[in-house]
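**Q** Following this line is target-v3.pdb, made up of PDB, N, CA and C atoms:
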ATOM      1  N   ARG A   1     -17.651  19.350  18.160
ATOM      2  CA  ARG A   1     -16.335  18.882  17.762
ATOM      3  C   ARG A   1     -16.454  17.840  16.653
ATOM      4  N   LEU A   2     -17.404  16.955  16.732
ATOM      5  CA  LEU A   2     -17.594  15.917  15.719
ATOM      6  C   LEU A   2     -17.863  16.530  14.353
ATOM      7  N   VAL A   3     -18.588  17.633  14.322
ATOM      8  CA  VAL A   3     -18.881  18.322  13.066
ATOM      9  C   VAL A   3     -17.595  18.813  12.427
ATOM     10  N   MET A   4     -16.659  19.286  13.242
ATOM     11  CA  MET A   4     -15.385  19.774  12.709
ATOM     12  C   MET A   4     -14.639  18.661  11.983
ATOM     13  N   LEU A   5     -14.752  17.449  12.468
ATOM     14  CA  LEU A   5     -14.061  16.324  11.839
ATOM     15  C   LEU A   5     -14.766  15.877  10.567
ATOM     16  N   HIS A   6     -16.068  15.981  10.538
ATOM     17  CA  HIS A   6     -16.829  15.520   9.375
ATOM     18  C   HIS A   6     -16.831  16.521   8.223
ATOM     19  N   ASN A   7     -16.813  17.808   8.533
ATOM     20  CA  ASN A   7     -16.886  18.820   7.475
ATOM     21  C   ASN A   7     -15.786  18.689   6.428
ATOM     22  N   PRO A   8     -14.533  18.495   6.804
ATOM     23  CA  PRO A   8     -13.503  18.348   5.763
ATOM     24  C   PRO A   8     -13.755  17.138   4.859
ATOM     25  N   MET A   9     -14.247  16.056   5.421
ATOM     26  CA  MET A   9     -14.529  14.866   4.618
ATOM     27  C   MET A   9     -15.703  15.120   3.685
ATOM     28  N   ILE A  10     -16.725  15.755   4.175
ATOM     29  CA  ILE A  10     -17.889  16.080   3.336
ATOM     30  C   ILE A  10     -17.466  17.013   2.210
ATOM     31  N   ASP A  11     -16.654  18.006   2.538
ATOM     32  CA  ASP A  11     -16.153  18.922   1.508
ATOM     33  C   ASP A  11     -15.342  18.181   0.457
ATOM     34  N   TRP A  12     -14.481  17.277   0.913
ATOM     35  CA  TRP A  12     -13.656  16.521  -0.033
ATOM     36  C   TRP A  12     -14.538  15.639  -0.925
ATOM     37  N   LEU A  13     -15.515  14.957  -0.350
ATOM     38  CA  LEU A  13     -16.417  14.097  -1.137
ATOM     39  C   LEU A  13     -17.193  14.915  -2.157
ATOM     40  N   ASP A  14     -17.676  16.088  -1.755
ATOM     41  CA  ASP A  14     -18.371  16.971  -2.705
ATOM     42  C   ASP A  14     -17.437  17.376  -3.840
ATOM     43  N   SER A  15     -16.216  17.703  -3.498
ATOM     44  CA  SER A  15     -15.223  18.089  -4.504
ATOM     45  C   SER A  15     -14.923  16.917  -5.444
ATOM     46  N   TYR A  16     -14.823  15.726  -4.888
ATOM     47  CA  TYR A  16     -14.553  14.537  -5.700
ATOM     48  C   TYR A  16     -15.723  14.260  -6.647
ATOM     49  N   ASP A  17     -16.938  14.346  -6.142
ATOM     50  CA  ASP A  17     -18.123  14.152  -6.995
ATOM     51  C   ASP A  17     -18.120  15.143  -8.159
ATOM     52  N   LYS A  18     -17.778  16.386  -7.860
ATOM     53  CA  LYS A  18     -17.730  17.411  -8.904
ATOM     54  C   LYS A  18     -16.659  17.071  -9.948
ATOM     55  N   SER A  19     -15.491  16.630  -9.500
ATOM     56  CA  SER A  19     -14.428  16.293 -10.456
ATOM     57  C   SER A  19     -14.815  15.088 -11.309
ATOM     58  N   LEU A  20     -15.559  14.147 -10.747
ATOM     59  CA  LEU A  20     -16.035  13.000 -11.539
ATOM     60  C   LEU A  20     -16.999  13.444 -12.630
ATOM     61  N   GLU A  21     -17.859  14.389 -12.291
ATOM     62  CA  GLU A  21     -18.800  14.914 -13.280
ATOM     63  C   GLU A  21     -18.062  15.621 -14.414
ATOM     64  N   GLU A  22     -17.042  16.375 -14.068
ATOM     65  CA  GLU A  22     -16.284  17.126 -15.062
ATOM     66  C   GLU A  22     -15.374  16.228 -15.894
ATOM     67  N   ASN A  23     -14.839  15.181 -15.283
ATOM     68  CA  ASN A  23     -13.875  14.307 -15.935
ATOM     69  C   ASN A  23     -14.532  13.376 -16.945
ATOM     70  N   GLN A  24     -15.623  12.784 -16.567
ATOM     71  CA  GLN A  24     -16.400  11.863 -17.414
ATOM     72  C   GLN A  24     -15.619  10.626 -17.847
ATOM     73  N   SER A  25     -14.632  10.233 -17.082
ATOM     74  CA  SER A  25     -13.943   8.982 -17.386
ATOM     75  C   SER A  25     -14.721   7.842 -16.732
ATOM     76  N   SER A  26     -14.541   6.653 -17.266
ATOM     77  CA  SER A  26     -15.250   5.500 -16.713
ATOM     78  C   SER A  26     -14.570   5.031 -15.434
ATOM     79  N   THR A  27     -15.285   4.258 -14.655
ATOM     80  CA  THR A  27     -14.715   3.690 -13.440
ATOM     81  C   THR A  27     -13.498   2.852 -13.780
ATOM     82  N   GLU A  28     -13.569   2.084 -14.862
ATOM     83  CA  GLU A  28     -12.441   1.245 -15.273
ATOM     84  C   GLU A  28     -11.225   2.097 -15.644
ATOM     85  N   GLU A  29     -11.440   3.205 -16.345
ATOM     86  CA  GLU A  29     -10.325   4.090 -16.707
ATOM     87  C   GLU A  29      -9.673   4.681 -15.450
ATOM     88  N   ARG A  30     -10.483   5.096 -14.502
ATOM     89  CA  ARG A  30      -9.950   5.643 -13.255
ATOM     90  C   ARG A  30      -9.196   4.562 -12.485
ATOM     91  N   TYR A  31      -9.732   3.346 -12.494
ATOM     92  CA  TYR A  31      -9.079   2.232 -11.801
ATOM     93  C   TYR A  31      -7.712   1.941 -12.424
ATOM     94  N   GLN A  32      -7.632   1.901 -13.743
ATOM     95  CA  GLN A  32      -6.360   1.640 -14.422
ATOM     96  C   GLN A  32      -5.350   2.754 -14.151
ATOM     97  N   ARG A  33      -5.804   3.994 -14.117
ATOM     98  CA  ARG A  33      -4.934   5.128 -13.806
ATOM     99  C   ARG A  33      -4.421   5.024 -12.373
ATOM    100  N   MET A  34      -5.308   4.615 -11.474
ATOM    101  CA  MET A  34      -4.930   4.449 -10.081
ATOM    102  C   MET A  34      -3.837   3.387  -9.939
ATOM    103  N   LEU A  35      -3.968   2.274 -10.666
ATOM    104  CA  LEU A  35      -2.978   1.202 -10.585
ATOM    105  C   LEU A  35      -1.602   1.673 -11.044
ATOM    106  N   LYS A  36      -1.558   2.605 -11.974
ATOM    107  CA  LYS A  36      -0.287   3.121 -12.478
ATOM    108  C   LYS A  36       0.311   4.183 -11.565
ATOM    109  N   THR A  37      -0.502   4.721 -10.656
ATOM    110  CA  THR A  37      -0.071   5.811  -9.795
ATOM    111  C   THR A  37       0.254   5.352  -8.381
ATOM    112  N   ASN A  38      -0.488   4.376  -7.893
ATOM    113  CA  ASN A  38      -0.346   3.916  -6.516
ATOM    114  C   ASN A  38       0.252   2.511  -6.498
ATOM    115  N   PRO A  39       1.432   2.348  -5.933
ATOM    116  CA  PRO A  39       2.028   1.010  -5.909
ATOM    117  C   PRO A  39       1.192   0.051  -5.074
ATOM    118  N   LYS A  40       1.163  -1.200  -5.499
ATOM    119  CA  LYS A  40       0.450  -2.220  -4.743
ATOM    120  C   LYS A  40       1.237  -2.576  -3.482
ATOM    121  N   PHE A  41       2.556  -2.561  -3.586
ATOM    122  CA  PHE A  41       3.411  -2.962  -2.473
ATOM    123  C   PHE A  41       4.213  -1.774  -1.959
ATOM    124  N   VAL A  42       4.191  -1.609  -0.655
ATOM    125  CA  VAL A  42       5.038  -0.642   0.029
ATOM    126  C   VAL A  42       5.781  -1.448   1.091
ATOM    127  N   LEU A  43       7.095  -1.518   0.961
ATOM    128  CA  LEU A  43       7.863  -2.332   1.906
ATOM    129  C   LEU A  43       7.779  -1.740   3.309
ATOM    130  N   LYS A  44       7.557  -2.628   4.251
ATOM    131  CA  LYS A  44       7.421  -2.225   5.649
ATOM    132  C   LYS A  44       8.416  -3.016   6.484
ATOM    133  N   ASN A  45       8.678  -2.527   7.676
ATOM    134  CA  ASN A  45       9.693  -3.152   8.536
ATOM    135  C   ASN A  45       9.443  -4.632   8.778
ATOM    136  N   TYR A  46       8.213  -5.038   8.999
ATOM    137  CA  TYR A  46       7.955  -6.442   9.305
ATOM    138  C   TYR A  46       8.278  -7.347   8.108
ATOM    139  N   ILE A  47       8.119  -6.832   6.907
ATOM    140  CA  ILE A  47       8.464  -7.597   5.704
ATOM    141  C   ILE A  47       9.980  -7.765   5.631
ATOM    142  N   LEU A  48      10.686  -6.672   5.839
ATOM    143  CA  LEU A  48      12.144  -6.724   5.805
ATOM    144  C   LEU A  48      12.684  -7.629   6.913
ATOM    145  N   GLN A  49      12.078  -7.574   8.079
ATOM    146  CA  GLN A  49      12.524  -8.410   9.188
ATOM    147  C   GLN A  49      12.363  -9.889   8.859
ATOM    148  N   GLU A  50      11.281 -10.236   8.210
ATOM    149  CA  GLU A  50      11.047 -11.622   7.798
ATOM    150  C   GLU A  50      12.169 -12.099   6.866
ATOM    151  N   ALA A  51      12.550 -11.244   5.929
ATOM    152  CA  ALA A  51      13.630 -11.581   4.994
ATOM    153  C   ALA A  51      14.973 -11.678   5.727
ATOM    154  N   ILE A  52      15.212 -10.776   6.657
ATOM    155  CA  ILE A  52      16.469 -10.784   7.422
ATOM    156  C   ILE A  52      16.600 -12.065   8.232
ATOM    157  N   GLU A  53      15.526 -12.477   8.873
ATOM    158  CA  GLU A  53      15.580 -13.686   9.700
ATOM    159  C   GLU A  53      15.889 -14.925   8.868
ATOM    160  N   LEU A  54      15.299 -15.023   7.681
ATOM    161  CA  LEU A  54      15.622 -16.152   6.804
ATOM    162  C   LEU A  54      17.070 -16.069   6.327
ATOM    163  N   ALA A  55      17.524 -14.870   6.007
ATOM    164  CA  ALA A  55      18.905 -14.684   5.544
ATOM    165  C   ALA A  55      19.891 -15.070   6.641
ATOM    166  N   ASP A  56      19.555 -14.762   7.893
ATOM    167  CA  ASP A  56      20.420 -15.160   9.010
ATOM    168  C   ASP A  56      20.598 -16.667   9.069
ATOM    169  N   ASP A  57      19.585 -17.399   8.565
ATOM    170  CA  ASP A  57      19.652 -18.874   8.527
ATOM    171  C   ASP A  57      20.218 -19.381   7.203
ATOM    172  N   GLY A  58      20.710 -18.461   6.356
ATOM    173  CA  GLY A  58      21.329 -18.849   5.091
ATOM    174  C   GLY A  58      20.392 -18.912   3.901
ATOM    175  N   ASP A  59      19.109 -18.562   4.076
ATOM    176  CA  ASP A  59      18.129 -18.593   2.988
ATOM    177  C   ASP A  59      17.903 -17.160   2.498
ATOM    178  N   PHE A  60      18.446 -16.851   1.314
ATOM    179  CA  PHE A  60      18.350 -15.496   0.781
ATOM    180  C   PHE A  60      17.233 -15.348  -0.248
ATOM    181  N   SER A  61      16.374 -16.358  -0.362
ATOM    182  CA  SER A  61      15.304 -16.318  -1.366
ATOM    183  C   SER A  61      14.335 -15.162  -1.109
ATOM    184  N   LEU A  62      14.017 -14.908   0.132
ATOM    185  CA  LEU A  62      13.081 -13.828   0.441
ATOM    186  C   LEU A  62      13.741 -12.459   0.259
ATOM    187  N   VAL A  63      15.028 -12.377   0.506
ATOM    188  CA  VAL A  63      15.756 -11.124   0.242
ATOM    189  C   VAL A  63      15.652 -10.804  -1.241
ATOM    190  N   ALA A  64      15.841 -11.822  -2.088
ATOM    191  CA  ALA A  64      15.734 -11.620  -3.538
ATOM    192  C   ALA A  64      14.326 -11.190  -3.928
ATOM    193  N   LYS A  65      13.314 -11.791  -3.307
ATOM    194  CA  LYS A  65      11.928 -11.439  -3.623
ATOM    195  C   LYS A  65      11.615 -10.014  -3.168
ATOM    196  N   VAL A  66      12.081  -9.641  -1.987
ATOM    197  CA  VAL A  66      11.861  -8.276  -1.494
ATOM    198  C   VAL A  66      12.522  -7.279  -2.441
ATOM    199  N   PHE A  67      13.718  -7.604  -2.917
ATOM    200  CA  PHE A  67      14.418  -6.734  -3.858
ATOM    201  C   PHE A  67      13.616  -6.601  -5.155
ATOM    202  N   GLU A  68      13.073  -7.713  -5.635
ATOM    203  CA  GLU A  68      12.242  -7.696  -6.852
ATOM    204  C   GLU A  68      10.995  -6.838  -6.645
ATOM    205  N   ILE A  69      10.345  -7.006  -5.513
ATOM    206  CA  ILE A  69       9.140  -6.228  -5.212
ATOM    207  C   ILE A  69       9.480  -4.741  -5.115
ATOM    208  N   ALA A  70      10.614  -4.415  -4.488
ATOM    209  CA  ALA A  70      11.016  -3.018  -4.361
ATOM    210  C   ALA A  70      11.254  -2.378  -5.728
ATOM    211  N   GLN A  71      11.732  -3.162  -6.680
ATOM    212  CA  GLN A  71      11.983  -2.642  -8.018
ATOM    213  C   GLN A  71      10.714  -2.570  -8.863
ATOM    214  N   ASN A  72       9.697  -3.364  -8.508
ATOM    215  CA  ASN A  72       8.462  -3.444  -9.293
ATOM    216  C   ASN A  72       7.243  -3.420  -8.372
ATOM    217  N   PRO A  73       7.038  -2.333  -7.627
ATOM    218  CA  PRO A  73       5.959  -2.317  -6.627
ATOM    219  C   PRO A  73       4.553  -2.285  -7.208
ATOM    220  N   TYR A  74       4.418  -2.058  -8.515
ATOM    221  CA  TYR A  74       3.095  -2.011  -9.142
ATOM    222  C   TYR A  74       2.653  -3.384  -9.640
ATOM    223  N   ASP A  75       3.576  -4.334  -9.704
ATOM    224  CA  ASP A  75       3.261  -5.667 -10.222
ATOM    225  C   ASP A  75       2.523  -6.499  -9.184
ATOM    226  N   GLU A  76       2.058  -7.676  -9.599
ATOM    227  CA  GLU A  76       1.239  -8.516  -8.730
ATOM    228  C   GLU A  76       2.038  -9.341  -7.719
ATOM    229  N   HIS A  77       3.151  -9.942  -8.086
ATOM    230  CA  HIS A  77       3.991 -10.749  -7.199
ATOM    231  C   HIS A  77       3.201 -11.863  -6.521
ATOM    232  N   GLU A  78       2.786 -12.789  -7.332
ATOM    233  CA  GLU A  78       1.981 -13.922  -6.865
ATOM    234  C   GLU A  78       2.647 -14.627  -5.678
ATOM    235  N   GLY A  79       1.849 -14.945  -4.708
ATOM    236  CA  GLY A  79       2.327 -15.608  -3.503
ATOM    237  C   GLY A  79       2.705 -14.641  -2.389
ATOM    238  N   HIS A  80       2.725 -13.360  -2.687
ATOM    239  CA  HIS A  80       3.102 -12.368  -1.681
ATOM    240  C   HIS A  80       2.023 -11.306  -1.504
ATOM    241  N   GLU A  81       0.790 -11.648  -1.840
ATOM    242  CA  GLU A  81      -0.319 -10.701  -1.750
ATOM    243  C   GLU A  81      -0.528 -10.186  -0.339
ATOM    244  N   ARG A  82      -0.186 -11.015   0.658
ATOM    245  CA  ARG A  82      -0.395 -10.594   2.050
ATOM    246  C   ARG A  82       0.409  -9.342   2.371
ATOM    247  N   TRP A  83       1.516  -9.113   1.673
ATOM    248  CA  TRP A  83       2.327  -7.920   1.905
ATOM    249  C   TRP A  83       1.680  -6.658   1.336
ATOM    250  N   ALA A  84       0.669  -6.826   0.496
ATOM    251  CA  ALA A  84      -0.042  -5.671  -0.054
ATOM    252  C   ALA A  84      -1.215  -5.271   0.845
ATOM    253  N   GLU A  85      -1.485  -6.075   1.835
ATOM    254  CA  GLU A  85      -2.590  -5.802   2.753
ATOM    255  C   GLU A  85      -2.120  -4.882   3.879
ATOM    256  N   ALA A  86      -3.039  -4.516   4.713
ATOM    257  CA  ALA A  86      -2.697  -3.673   5.863
ATOM    258  C   ALA A  86      -1.700  -4.403   6.761
ATOM    259  N   THR A  87      -0.882  -3.649   7.445
ATOM    260  CA  THR A  87       0.084  -4.229   8.371
ATOM    261  C   THR A  87      -0.657  -5.024   9.439
ATOM    262  N   PRO A  88      -0.254  -6.287   9.663
ATOM    263  CA  PRO A  88      -0.907  -7.075  10.716
ATOM    264  C   PRO A  88      -0.783  -6.371  12.076
ATOM    265  N   SER A  89      -1.797  -6.509  12.901
ATOM    266  CA  SER A  89      -1.851  -5.767  14.168
ATOM    267  C   SER A  89      -0.657  -6.056  15.067
ATOM    268  N   GLU A  90      -0.104  -7.265  15.011
ATOM    269  CA  GLU A  90       1.024  -7.575  15.891
ATOM    270  C   GLU A  90       2.299  -6.801  15.513
ATOM    271  N   PHE A  91       2.319  -6.209  14.317
ATOM    272  CA  PHE A  91       3.487  -5.443  13.886
ATOM    273  C   PHE A  91       3.246  -3.940  13.878
ATOM    274  N   LYS A  92       2.065  -3.512  14.241
ATOM    275  CA  LYS A  92       1.753  -2.082  14.257
ATOM    276  C   LYS A  92       2.348  -1.422  15.496
ATOM    277  N   ASN A  93       2.708  -0.160  15.338
ATOM    278  CA  ASN A  93       3.182   0.678  16.441
ATOM    279  C   ASN A  93       4.452   0.159  17.105
ATOM    280  N   GLN A  94       5.281  -0.554  16.354
ATOM    281  CA  GLN A  94       6.557  -0.975  16.896
ATOM    282  C   GLN A  94       7.555   0.175  16.791
ATOM    283  N   LYS A  95       8.345   0.318  17.807
ATOM    284  CA  LYS A  95       9.369   1.351  17.807
ATOM    285  C   LYS A  95      10.702   0.689  17.440
ATOM    286  N   LEU A  96      11.397   1.281  16.474
ATOM    287  CA  LEU A  96      12.671   0.743  16.032
ATOM    288  C   LEU A  96      13.764   1.762  16.246
ATOM    289  N   SER A  97      14.953   1.272  16.384
ATOM    290  CA  SER A  97      16.115   2.140  16.537
ATOM    291  C   SER A  97      17.109   1.829  15.431
ATOM    292  N   CYS A  98      17.764   2.841  14.928
ATOM    293  CA  CYS A  98      18.780   2.629  13.894
ATOM    294  C   CYS A  98      19.930   1.800  14.438
ATOM    295  N   SER A  99      20.119   1.781  15.723
ATOM    296  CA  SER A  99      21.221   1.041  16.313
ATOM    297  C   SER A  99      20.879  -0.408  16.597
ATOM    298  N   SER A 100      19.612  -0.788  16.372
ATOM    299  CA  SER A 100      19.224  -2.162  16.689
ATOM    300  C   SER A 100      19.594  -3.131  15.610
TER     301      SER A 100
END
For this file, produce the structure as structure tokens.
**A**
Amino acid sequence: RLVMLHNPMIDWLDSYDKSLEENQSSTEERYQRMLKTNPKFVLKNYILQEAIELADDGDFSLVAKVFEIAQNPYDEHEGHERWAEATPSEFKNQKLSCSS
């Protein structure tokens, strides 16, 4: 069973190595292309909840920042790098309802 899980990854890595040989672009060129294709920020529920809680207290600064990030997800947004990282474990696997 373990072999079944590894074979697709090995096949993909072999395919990727082959495409790198054929492409001949530099690591830096691939990195720059990646930055233009993959957003640094993807808004998640815990980020929105943080903004909502501040807004409930009358502070809409984080709502404005979330809106800015949503419009420019490829930019750096200094001071909010933690939102570009993996979801913190305490916020993973939360179940939400549209009625909540």
**Q** Distance CA of Phe41 (chain A)-CA of Pro73 (chain A), one decimal place?
**A** 4.9 Å
**Q** Name all residues at most 9 Å from Pro39 (chain A) (count only C-alpha atoms; drop same-chain ones fewer than 5 positions away) and give them as a PDB file with N, CA and C atoms, keeping the file's coordinate frame.
**A**
ATOM      1  N   MET A  34      -5.308   4.615 -11.474  1.00  0.00           N
ATOM      2  CA  MET A  34      -4.930   4.449 -10.081  1.00  0.00           C
ATOM      3  C   MET A  34      -3.837   3.387  -9.939  1.00  0.00           C
ATOM      4  N   ASN A  72       9.697  -3.364  -8.508  1.00  0.00           N
ATOM      5  CA  ASN A  72       8.462  -3.444  -9.293  1.00  0.00           C
ATOM      6  C   ASN A  72       7.243  -3.420  -8.372  1.00  0.00           C
ATOM      7  N   PRO A  73       7.038  -2.333  -7.627  1.00  0.00           N
ATOM      8  CA  PRO A  73       5.959  -2.317  -6.627  1.00  0.00           C
ATOM      9  C   PRO A  73       4.553  -2.285  -7.208  1.00  0.00           C
ATOM     10  N   TYR A  74       4.418  -2.058  -8.515  1.00  0.00           N
ATOM     11  CA  TYR A  74       3.095  -2.011  -9.142  1.00  0.00           C
ATOM     12  C   TYR A  74       2.653  -3.384  -9.640  1.00  0.00           C
ATOM     13  N   ASP A  75       3.576  -4.334  -9.704  1.00  0.00           N
ATOM     14  CA  ASP A  75       3.261  -5.667 -10.222  1.00  0.00           C
ATOM     15  C   ASP A  75       2.523  -6.499  -9.184  1.00  0.00           C
TER      16      ASP A  75
END
**Q** So, counting only N, CA and C atoms, which residue among A:Glu85, A:Arg30, A:Glu50, A:Glu76 is closest to Val63 (chain A)?
**A** A:Glu50
**Q** Could you check the closest approach to Gln49 (chain A) for each of A:Leu13, A:Ile69, A:Leu62, A:Leu35 and tell me which residue wins, using only C-alpha atoms?
**A**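 Nearest candidate to Gln49 (chain A) out of A:Leu13, A:Ile69, A:Leu62, A:Leu35: A:Leu62.
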**Q** How far is it from CA of Lys44 (chain A) to CA of Arg82 (chain A), in Å with one decimal?
**A**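 According to the coordinates, CA of Lys44 (chain A) and CA of Arg82 (chain A) are separated by 12.0 Å.
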**Q** Suppose you want the space between atom N of Glu78 (chain A) and CA of Ala64 (chain A); what is it in Å?
**A**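 These two atoms are separated by 13.5 Å.
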